[in-house]
Amino acid sequence: MLKILFMGRKKVAADALSYLLSLDNIEVVGVLTDSHLDVSPTNDVAKRNGLTVFEFSEALTALKLGSLSFDLGVSVLYWRKLIGEFLSTPTLGVINFHPAPLPDYKGTAGYNMAIMDDLEEWGVSSHYMDENIDTGGIIDVVRFAISKNTETAKTLEAKSQPFLYDLFVKNIGEVVKARGFLKAISNVGGRYFSRMDMEAMKEVKPDDDVSKKIRAFWFPPYDGAFQYINGVKCTLVDDFILKQLADPTTSSLFTGSS
């Protein structure tokens with residue numbers, strides 16, 4: 001029986017956790033997720049199946065005391081940096097499923113940078129975790145075409161999730177079969193962006209491609225590309241975003257061709 005500590009959030013993580021629970025040769029010994037939020041799909045799956053949901057510090061204490069142990073750690077969009085016993089305890093390591101192609105885009109350099117860099121292809125990755133962020137050996141990268149001129153951060157997330165889930169299913173199957181570490185290649189190079197870097201990039205400057213920046217950071221309910229107007233921070237939208245938000249069952253007398 002392979003013991004897994006599962007870490008993750010959002011619907012794709014909830015689906016991944018449900019998949020693990022469908023397997024006879026796997027035991028999920030605990031879950032770390034965004035259970036502090038009002039809406040938490042992963043927490044819902046864990047509670048519905050009687051799994052123990054840990055806070056980060058609780059799990060770390062349990063690992064240090066030896067009351068929690070696991071063979072493999074799995075992270076699907078989990079936001080906390082793992083330290084100490086989270087990395088040293090599992091005999092098969094910790095695999096992270098990253099919503100960007102490695103080694104090119106590390107940290108929070110995700111969907112936003114795909115648009116800012118005018119890419120026509122994006123990807124999702126799996127890699128082993130180490131003491132740094134997104135620097136462990138790369139297991140797999142799956143790439144797919146994206147729309148250079150019409151993607152938003154929100155649509156690119158939606159497009160990426162099925163690929164991330166399929167990669168998860170593939171790699172879990174390989175670990176179960178191998179009962180050992182998967183082949184991984186060096187994770188050297190690329191660019192790392194912190195959350196602070198990305199927040200600073202949201203501000204629209206005079207020479208920016210405004211429409212591109214609006215699409216790159218359109219990810220409600222988070223604030224998007226912005227400018228300060230009379231000291232007030234204002235998220236920007238353009239006609240492209242407004243058309244996406246429009247109620248298809250209504251129309252305006254003052255838009256469209258005459």
# chains A, B, ... in the order shown; residues from 1 in each chain; ligands from 1

$ residues_around --residues "Leu236 of chain A" --least-positions-apart "2" --cutoff "10 Å" --atoms "only C-alpha atoms" --output "ChimeraX atom specification"
/A:203-204,210-211,213-215,217-218,223-227,233-234,238,241

$ write_last_selection --atoms "C-alpha atoms" --output "PDB file, in the first residue's frame"
ATOM      1  CA  GLU A 203       0.506  48.404 -13.150  1.00  0.00           C
ATOM      2  CA  VAL A 204      -0.065  49.862 -16.614  1.00  0.00           C
ATOM      3  CA  VAL A 210      -2.637  48.022 -22.548  1.00  0.00           C
ATOM      4  CA  SER A 211      -4.956  45.441 -24.103  1.00  0.00           C
ATOM      5  CA  LYS A 213      -1.693  43.565 -20.110  1.00  0.00           C
ATOM      6  CA  ILE A 214      -5.432  43.597 -19.368  1.00  0.00           C
ATOM      7  CA  ARG A 215      -5.772  40.073 -20.814  1.00  0.00           C
ATOM      8  CA  PHE A 217      -3.959  39.759 -15.625  1.00  0.00           C
ATOM      9  CA  TRP A 218      -7.677  39.181 -16.095  1.00  0.00           C
ATOM     10  CA  ASP A 223      -7.553  42.529  -9.176  1.00  0.00           C
ATOM     11  CA  GLY A 224      -6.134  42.862 -12.667  1.00  0.00           C
ATOM     12  CA  ALA A 225      -4.064  45.331 -14.636  1.00  0.00           C
ATOM     13  CA  PHE A 226      -4.498  48.684 -12.948  1.00  0.00           C
ATOM     14  CA  GLN A 227      -3.820  52.386 -12.898  1.00  0.00           C
ATOM     15  CA  LYS A 233      -6.302  51.910  -7.622  1.00  0.00           C
ATOM     16  CA  CYS A 234      -8.603  50.963 -10.533  1.00  0.00           C
ATOM     17  CA  ASP A 238     -11.481  46.962 -22.319  1.00  0.00           C
ATOM     18  CA  ILE A 241     -13.274  41.840 -21.615  1.00  0.00           C
TER      19      ILE A 241
END

$ residues_around --residues "segment 32-49 of chain A" --least-positions-apart "2" --cutoff "7 Å" --atoms "only C-alpha atoms" --output "MDAnalysis selection string"
chainID A and resid 6:11 13:14 18 30 51 53:56 78

$ residues_around --residues "Val28 of chain A" --least-positions-apart "3" --cutoff "7 Å" --atoms "only C-alpha atoms" --output "number ranges by chain"
A: 3-6

$ atom_distance --atom1 "atom CA of Ser147 of chain A" --atom2 "atom CA of Ile185 of chain A"
29.0 Å

$ select_by_dssp --residues "segment 28-186 of chain A" --states "alpha helix (DSSP H)" --output "NGL selection string"
:A and (41-48 or 56-65 or 85-88 or 111-116 or 153-178)

$ residues_around --residues "Leu87 of chain A" --least-positions-apart "5" --cutoff "8 Å" --atoms "only C-alpha atoms" --output "MDAnalysis selection string"
chainID A and resid 82 93:94 129:131

$ write_last_selection --atoms "N, CA and C atoms" --output "short mmCIF file (atom, residue, chain, number, x, y, z; two decimals), in the first residue's frame"
data_model
loop_
_atom_site.label_atom_id
_atom_site.label_comp_id
_atom_site.auth_asym_id
_atom_site.auth_seq_id
_atom_site.Cartn_x
_atom_site.Cartn_y
_atom_site.Cartn_z
N LEU A 82 7.43 23.92 0.78
CA LEU A 82 7.63 22.80 1.70
C LEU A 82 9.03 22.86 2.31
N GLY A 93 10.00 10.75 -2.30
CA GLY A 93 10.05 12.16 -2.62
C GLY A 93 8.68 12.82 -2.69
N VAL A 94 8.69 14.05 -3.17
CA VAL A 94 7.47 14.84 -3.34
C VAL A 94 7.41 15.32 -4.79
N MET A 129 10.24 17.99 -5.85
CA MET A 129 10.44 19.20 -5.06
C MET A 129 11.70 19.09 -4.22
N ASP A 130 12.39 20.24 -4.10
CA ASP A 130 13.53 20.34 -3.21
C ASP A 130 13.33 21.56 -2.32
N GLU A 131 14.39 22.03 -1.69
CA GLU A 131 14.24 23.12 -0.72
C GLU A 131 13.99 24.48 -1.38
#

$ residues_around --residues "Ser125 of chain A" --least-positions-apart "3" --cutoff "6 Å" --atoms "only C-alpha atoms" --output "PyMOL selection string"
chain A and resi 97-98+101+140-141

$ residues_around --residues "Pro220 of chain A" --least-positions-apart "6" --cutoff "12 Å" --atoms "only C-alpha atoms" --output "list in words"
Thr152, Ala153, Lys154, Thr155, Glu157, Ile214, Thr235, Leu236, Val237, Ile241 and Leu245 of chain A

$ residues_around --residues "Asn96 of chain A" --least-positions-apart "4" --cutoff "9 Å" --atoms "only C-alpha atoms" --output "ChimeraX atom specification"
/A:73-78,125-129,134

$ closest_residue --among "A:Ile95, A:Leu2, A:Ile133, A:Leu156" --to "Glu121 of chain A" --atoms "only C-alpha atoms"
A:Leu156

$ closest_residue --among "A:Glu85, A:Lys202, A:Lys64, A:Ile138" --to "Ala184 of chain A" --atoms "only C-alpha atoms"
A:Ile138

$ atom_distance --atom1 "atom CA of Leu167 of chain A" --atom2 "atom CA of Lys148 of chain A"
23.6 Å

$ closest_residue --among "A:Leu20, A:Val175, A:Ile139, A:Ala246" --to "Asn187 of chain A" --atoms "only C-alpha atoms"
A:Ile139

$ select_by_dssp --residues "segment 41-137 of chain A" --states "strand (DSSP E)" --output "list in words"
Val53, Phe54, Leu72, Gly73, Val74, Ser75, Val76, Val94, Ile95, Asn96, Phe97, His98, Tyr105, Lys106, Gly107, Glu121, Trp122, Gly123, Val124, Ser125, Ser126, His127 and Tyr128 of chain A

$ closest_residue --among "A:Pro99, A:Leu21, A:Phe86, A:Asn132" --to "Ala158 of chain A" --atoms "only C-alpha atoms"
A:Pro99

$ closest_residue --among "A:Ile115, A:Ile229, A:Leu17, A:Ile26" --to "Ile146 of chain A" --atoms "only C-alpha atoms"
A:Ile115

$ closest_residue --among "A:Val12, A:Leu102, A:Ala216, A:Leu23" --to "Leu164 of chain A" --atoms "only C-alpha atoms"
A:Val12

$ atom_distance --atom1 "atom CA of Lys106 of chain A" --atom2 "atom CA of Thr150 of chain A"
23.4 Å
